[in-house]
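A.B. asks: The structure is given below, and queries will be raised subsequently.
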Amino acid sequence: MDPKLDLLYRLADDQLILGHRNSEWNGLGPILEEDIAFSSMAQDKLGHSLALYTLLHELGEAEPDTVAFTRNAPQFHCCQLVELPIGEYDFSLTRHFLFDHAELLRFEALATSSYEPLAQVARKLRGELKYHALHANTWMKRLGTATEEAIERMQNALNFTLPYALGIFEKTEAEAEIISSGLFIGEDELRSRWLESITKVLSQTALEVPDILALTPVAGGRYGQHTEHLQPLLDEMAEVFRLDPTADW
Amino acid sequence: MYGSASTHDLPTTAVTGLENEDPILLAEFEARIARGEKIEPGDWMPALYRKQLTRMIEQHAHSEIIGSLPEGTWITRAPGFRRKMAQMAKVQDEVGHAQLLYSAAETLGKTREQMLTDLINGKSKYSNVFNYPTPTWADSNVISWLIDAGAIVNQLANAKGSYGPYCRALDRICAEEAFHLKYGHDAVVHMATGTPIQREMMQAALNRWWPAIMTFFGPSDKMSVHTEILMRWKVKMASNDECRNQFLDMYVPKIWEIGLTLPDANLRKNEETGQWEFTEPDWEDFKRVINGDGPCNAERIAVRRAAEENGAWVRRALLTPKTQYVRPLA
Amino acid sequence: MIQSHDPRMNRLGLPDAPAPAVAKEALDQFGTYEVFHQKKEGAPFVYVGPVHAPEADVAFLFAKEQFSRRFACTGLWVVPTAAITLTDYVGDTESAYDTLPLLAKSSAAPAPDSRYTDDTAGEEAAYAAGEEDYDIFHLKKRGKAHQHVGKVRASSPADALQVAKAVFGEQRPVVNVWAARSADILRSDDEDRDIWTTTPEKKYRDAISYKVQDRIEKFKAENQ
């Protein structure tokens, strides 16, 4: 695949699927105010994916709605982390923390991408992502230093989620070209920045951080291999849309 | 989204409880309201005023948090980016409105926690329309447009009421409702003027929801409990029949103009009286549903309870003796 | 299990039978923080409402999305409710400052109006003696919102109201006054203003982006 398309699809699909997942909390959150904040961030993620699918459309791909609502799981390039069900709040927050750190650093790097339209999107989203990271860090620090119950929950969530999070950095065949053409710094470099960034926050908690690079990443998502959760998610998301794909909803 | 008159839970003690109030303070209180000044939390107020307002604002808050559920039903299935993002924003707004209204009620002395506990224990009422299901996307659109439209009629009236914190909350809420109304109308119009499948879905949803919509403003004034004192205190601002008539006046033509029909052969405007005529809603059924026997009562409460219970560990973890609860100021 | 039309609820697995009533012994709710919003640079911070939160940093996260997710915003303050001292409320044409206790002329404290000057040496001495900054908010009309009017330096919250009377007491009407120790206010950093950069662009949340009249007219024309 063209390196631009390769990169954009991965980014857009991650954002769409995680935004969709996180929206499932709306109305069910642990605190009214948190319910509102979490929904805003889910909306932001939808907005990011729309911006990226719009770039893809400009490069000749189908309309954003068609791309988002009519493909099946094997055509999706998201990492498996984002497709997992929301579980309990400990998992959803941990996923938010691990993903959003990678997202913030990724868009920081993309701000100087050789592909100017993407660089523009990245620069614009900077402040938005800053809030997401602030939210994630505040929660991680609070819960990671709170009651025994909370610390145990967050520890379990972290242990479970980390291998999936490493799947964010799965490389595709286009990786070498993506780096050499100045599109993006590359997944290895992003992962090392991410590691530093999450470790800095986690070290301020009572949570134990395993040797992350020794973990086996849950990979495959970038090549269309997904968990059993993605296809049902897509069927649900497109249930109305597919009733009449010619309709203007 | 939703005014509170529809809960059919008007006071039964409307004219009792004043004999213990200090007549001078009561006279000053009434004079302030008569002058058009708002009452603020620090003011003296009759116990009955506090009680009725607490109940009314609390029910309104419950109607928002429960009211987020029928549309939340379609949050993961909204078709296309535009609808998906807007549906999320709308459901989010309902939760936000609940937050604003619980805060306003808290200034009267009841804690938010107590209100939420009463809700999940079935001790408090909320707008009865949310005890009905949204089996299709079109049902969600009908709520977004017409239930919110009804709510705006109510809320604009209540925003002229006498209690400062409630007015402040309603000002903010009404501003956001403008989005809800336009979004809902936009969605319904797209369906009604769209493909045959869409059109049929929308007509079916409207047929399902119309009887509930007709009960939204509560029973006819002829059947309502005496509310004179609540009108004088600007707690209740408009009569159920006035609100209903205003709603029909504004929205029935908009429904008809996009080729939809309404399932009431008697519905028509009497041009001589300016009043709408319609088949009297089934108030016995209304009472049965509001008292717990509707299609979704159990689910609505169970969902709220699950949210509270699943979130309890989070709240326990963050609780700190450093910030003790005190009543919000305004 | 309750069968819902909402797939999310089916995943939650809600029990059919109503659970026994929840009996709560202790409060598990947090304290509250009062939130002030600035809509553009130079505009006063205006009261928008409270949030429930365990600490100020969480209160800020919550306030940001509850009170500034639409339209432009250049700053947000959060203040613990308990940290605000207030006067009585008075009528819409009066001044709440008139309800404060009158200071005795022979009071050992310096006259209030001498306390907010540009005298740097005097200022340092005052801080050394335990005086602190307070932010003052006025409510101009019942039913409206408190607005920030400025700062004073004082030795206690009660004193802050007295100093505020000397500095801002000419303004009328003042229905109610709030004083908060400046150190108790968590303020957004100027360098973090970019968290609101994209807020006004989220048009899907705005009524104005839903324009459907053309479609209605077209439908009517085709179906006459």
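We label chains A, B, ... in the order they appear in the structure tokens, count residues from 1 in each chain, and number ligands from 1 in the order shown.
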Using backbone DSSP assignments, extract all alpha helix (DSSP H) residues from range 162-256 of chain B; output them as a PyMOL selection string.
C.D. replies: chain B and resi 164-192+196-215+228-232+240-256
A.B. asks: Got a sec: who's within 9 Å of range 210-216 of chain A, counting only C-alpha atoms, leaving out chain neighbours fewer than 5 positions off, as number ranges by chain?
C.D. replies: A: 159, 162-164, 166, 195
A.B. asks: The selected residues should be written to file as a PDB file, in the first residue's frame (atoms: N, CA and C atoms).
C.D. replies:
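Final output, selection_36.pdb:
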ATOM      1  N   ASN A 159      -1.531  -4.801  33.782  1.00  0.00           N
ATOM      2  CA  ASN A 159      -0.903  -6.051  33.351  1.00  0.00           C
ATOM      3  C   ASN A 159      -1.621  -6.639  32.142  1.00  0.00           C
ATOM      4  N   LEU A 162      -1.125  -3.909  28.836  1.00  0.00           N
ATOM      5  CA  LEU A 162       0.179  -3.565  28.251  1.00  0.00           C
ATOM      6  C   LEU A 162       0.531  -4.353  26.971  1.00  0.00           C
ATOM      7  N   PRO A 163       0.354  -5.671  26.940  1.00  0.00           N
ATOM      8  CA  PRO A 163       0.697  -6.376  25.696  1.00  0.00           C
ATOM      9  C   PRO A 163      -0.127  -5.883  24.499  1.00  0.00           C
ATOM     10  N   TYR A 164      -1.383  -5.566  24.748  1.00  0.00           N
ATOM     11  CA  TYR A 164      -2.212  -5.008  23.674  1.00  0.00           C
ATOM     12  C   TYR A 164      -1.692  -3.637  23.266  1.00  0.00           C
ATOM     13  N   LEU A 166       1.270  -2.576  23.292  1.00  0.00           N
ATOM     14  CA  LEU A 166       2.466  -2.696  22.440  1.00  0.00           C
ATOM     15  C   LEU A 166       2.070  -2.939  20.984  1.00  0.00           C
ATOM     16  N   LEU A 195       7.309   4.887  25.993  1.00  0.00           N
ATOM     17  CA  LEU A 195       7.754   4.168  27.180  1.00  0.00           C
ATOM     18  C   LEU A 195       8.246   5.146  28.243  1.00  0.00           C
TER      19      LEU A 195
END
A.B. asks: With a distance cut-off of 8 Å and only C-alpha atoms, select the neighbouring residues of range 87-102 of chain A, excluding the residue or stretch itself and same-chain residues fewer than 2 positions from it, and output the selection as a VMD selection string.
C.D. replies: (chain A and resid 22 30 81 to 82 85 104 to 106 129 132 to 133 136 to 137 139 to 140 153 to 154 157 to 158 161 to 162 165 168 190 to 191 194 197 to 198) or (chain B and resid 310 to 311)
A.B. asks: What are the residues of chain B that have an atom within 9 Å of an atom of chain A, counting only C-alpha atoms, as a ChimeraX atom specification?
C.D. replies: /B:65-66,68-69,72,75-86,88-89,91-96,98-99,136-137,187,190-191,194-195,197-198,303-304,306-319
A.B. asks: Within 8 Å of chain A, which residues belong to chain C? Use only C-alpha atoms and report them as a count of residues only.
C.D. replies: 19
A.B. asks: Counting only C-alpha atoms, which residues of chain C sit at most 7 Å from some atom of chain B, and what is each one's closest atom pair with its distance in Å to one decimal, listed by chain and rising residue number, as JSON lines?
C.D. replies:
{"residue": "C:Ile2", "atom": "CA", "partner": "B:Glu299", "partner_atom": "CA", "distance": 6.7}
{"residue": "C:His5", "atom": "CA", "partner": "B:Pro135", "partner_atom": "CA", "distance": 5.9}
{"residue": "C:Asp6", "atom": "CA", "partner": "B:Thr73", "partner_atom": "CA", "distance": 4.3}
{"residue": "C:Leu14", "atom": "CA", "partner": "B:Ala302", "partner_atom": "CA", "distance": 6.5}
{"residue": "C:Ala21", "atom": "CA", "partner": "B:Asn121", "partner_atom": "CA", "distance": 5.3}
{"residue": "C:Val22", "atom": "CA", "partner": "B:Asn121", "partner_atom": "CA", "distance": 6.5}
{"residue": "C:Asp28", "atom": "CA", "partner": "B:Arg316", "partner_atom": "CA", "distance": 6.4}
{"residue": "C:Gln29", "atom": "CA", "partner": "B:Glu113", "partner_atom": "CA", "distance": 6.3}
{"residue": "C:Phe30", "atom": "CA", "partner": "B:Tyr325", "partner_atom": "CA", "distance": 5.8}
{"residue": "C:Gly31", "atom": "CA", "partner": "B:Tyr325", "partner_atom": "CA", "distance": 4.0}
{"residue": "C:Thr32", "atom": "CA", "partner": "B:Pro328", "partner_atom": "CA", "distance": 6.3}
{"residue": "C:Pro50", "atom": "CA", "partner": "B:Pro328", "partner_atom": "CA", "distance": 6.4}
{"residue": "C:Pro54", "atom": "CA", "partner": "B:Leu319", "partner_atom": "CA", "distance": 5.9}
{"residue": "C:Gln66", "atom": "CA", "partner": "B:Gly96", "partner_atom": "CA", "distance": 6.4}
{"residue": "C:Thr81", "atom": "CA", "partner": "B:Pro328", "partner_atom": "CA", "distance": 6.2}
{"residue": "C:Ala82", "atom": "CA", "partner": "B:Val326", "partner_atom": "CA", "distance": 6.6}
{"residue": "C:Asp88", "atom": "CA", "partner": "B:Gly42", "partner_atom": "CA", "distance": 6.8}
{"residue": "C:Tyr89", "atom": "CA", "partner": "B:Gly42", "partner_atom": "CA", "distance": 6.5}
{"residue": "C:Asp92", "atom": "CA", "partner": "B:Glu37", "partner_atom": "CA", "distance": 6.9}
{"residue": "C:Arg142", "atom": "CA", "partner": "B:Lys38", "partner_atom": "CA", "distance": 5.3}
{"residue": "C:Gly143", "atom": "CA", "partner": "B:Gly164", "partner_atom": "CA", "distance": 4.0}
{"residue": "C:Lys144", "atom": "CA", "partner": "B:Arg168", "partner_atom": "CA", "distance": 6.7}
{"residue": "C:Tyr204", "atom": "CA", "partner": "B:Ala86", "partner_atom": "CA", "distance": 5.6}
{"residue": "C:Arg205", "atom": "CA", "partner": "B:Ala86", "partner_atom": "CA", "distance": 6.2}
{"residue": "C:Asp206", "atom": "CA", "partner": "B:Phe179", "partner_atom": "CA", "distance": 5.3}
{"residue": "C:Ala207", "atom": "CA", "partner": "B:Phe179", "partner_atom": "CA", "distance": 3.8}
{"residue": "C:Tyr210", "atom": "CA", "partner": "B:Lys182", "partner_atom": "CA", "distance": 5.8}
{"residue": "C:Val212", "atom": "CA", "partner": "B:Asp186", "partner_atom": "CA", "distance": 5.8}
{"residue": "C:Ile216", "atom": "CA", "partner": "B:Ile258", "partner_atom": "CA", "distance": 6.6}
{"residue": "C:Phe219", "atom": "CA", "partner": "B:Thr193", "partner_atom": "CA", "distance": 6.4}
A.B. asks: What lies within 7 Å of range 145-157 of chain C using only C-alpha atoms, ignoring chain neighbours under 6 positions off, as a ChimeraX atom specification?
C.D. replies: /C:44-47,85,115-116,130-139,163-164,179
A.B. asks: Hey, can you spit out that residue selection with N, CA and C atoms as a short mmCIF file (atom, residue, chain, number, x, y, z; two decimals), in the first residue's frame?
C.D. replies:
data_model
loop_
_atom_site.label_atom_id
_atom_site.label_comp_id
_atom_site.auth_asym_id
_atom_site.auth_seq_id
_atom_site.Cartn_x
_atom_site.Cartn_y
_atom_site.Cartn_z
N PRO C 44 -14.26 39.60 32.40
CA PRO C 44 -14.22 39.12 33.79
C PRO C 44 -14.54 37.62 33.85
N PHE C 45 -14.01 36.97 34.86
CA PHE C 45 -14.39 35.58 35.11
C PHE C 45 -15.80 35.57 35.69
N VAL C 46 -16.65 34.73 35.12
CA VAL C 46 -18.06 34.69 35.50
C VAL C 46 -18.40 33.32 36.07
N TYR C 47 -19.19 33.33 37.13
CA TYR C 47 -19.61 32.08 37.76
C TYR C 47 -20.49 31.27 36.83
N THR C 85 -16.22 32.90 51.24
CA THR C 85 -16.97 33.59 52.29
C THR C 85 -17.91 34.58 51.62
N ARG C 115 -5.04 50.04 52.24
CA ARG C 115 -4.40 48.72 52.20
C ARG C 115 -4.19 48.18 50.81
N TYR C 116 -4.65 48.89 49.83
CA TYR C 116 -4.40 48.36 48.50
C TYR C 116 -3.74 49.40 47.65
N GLY C 130 1.10 38.43 57.68
CA GLY C 130 0.06 37.41 57.55
C GLY C 130 -1.10 37.79 56.65
N GLU C 131 -1.05 38.95 56.04
CA GLU C 131 -2.14 39.28 55.11
C GLU C 131 -1.98 38.49 53.82
N GLU C 132 -3.10 38.29 53.16
CA GLU C 132 -3.09 37.50 51.93
C GLU C 132 -3.99 38.15 50.89
N ASP C 133 -3.85 37.70 49.63
CA ASP C 133 -4.73 38.20 48.57
C ASP C 133 -6.05 37.43 48.57
N TYR C 134 -7.09 38.19 48.27
CA TYR C 134 -8.42 37.58 48.11
C TYR C 134 -9.00 38.05 46.79
N ASP C 135 -9.70 37.15 46.10
CA ASP C 135 -10.44 37.55 44.90
C ASP C 135 -11.89 37.83 45.29
N ILE C 136 -12.43 38.89 44.72
CA ILE C 136 -13.77 39.35 45.09
C ILE C 136 -14.71 39.22 43.89
N PHE C 137 -15.90 38.72 44.16
CA PHE C 137 -16.92 38.52 43.11
C PHE C 137 -18.22 39.20 43.52
N HIS C 138 -18.85 39.87 42.59
CA HIS C 138 -20.12 40.55 42.85
C HIS C 138 -21.26 39.89 42.09
N LEU C 139 -22.41 39.83 42.72
CA LEU C 139 -23.65 39.50 42.02
C LEU C 139 -24.43 40.80 41.87
N VAL C 163 -12.43 45.14 53.33
CA VAL C 163 -11.53 45.84 52.41
C VAL C 163 -12.23 45.99 51.05
N ALA C 164 -12.92 44.94 50.63
CA ALA C 164 -13.64 45.00 49.36
C ALA C 164 -14.67 46.12 49.38
N ALA C 179 -15.95 36.27 48.62
CA ALA C 179 -14.51 36.48 48.75
C ALA C 179 -13.83 35.12 48.86
#
A.B. asks: Between A:Glu152, A:Glu103, A:Glu61, A:Glu170, single out the one closest to His77 in chain A, counting only C-alpha atoms.
C.D. replies: A:Glu170
A.B. asks: Take CA of Met56 in chain B and CA of Ala27 in chain B and report the distance between them in Å, one decimal.
C.D. replies: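 Computed distance, CA of Met56 in chain B to CA of Ala27 in chain B, equals 23.3 Å.
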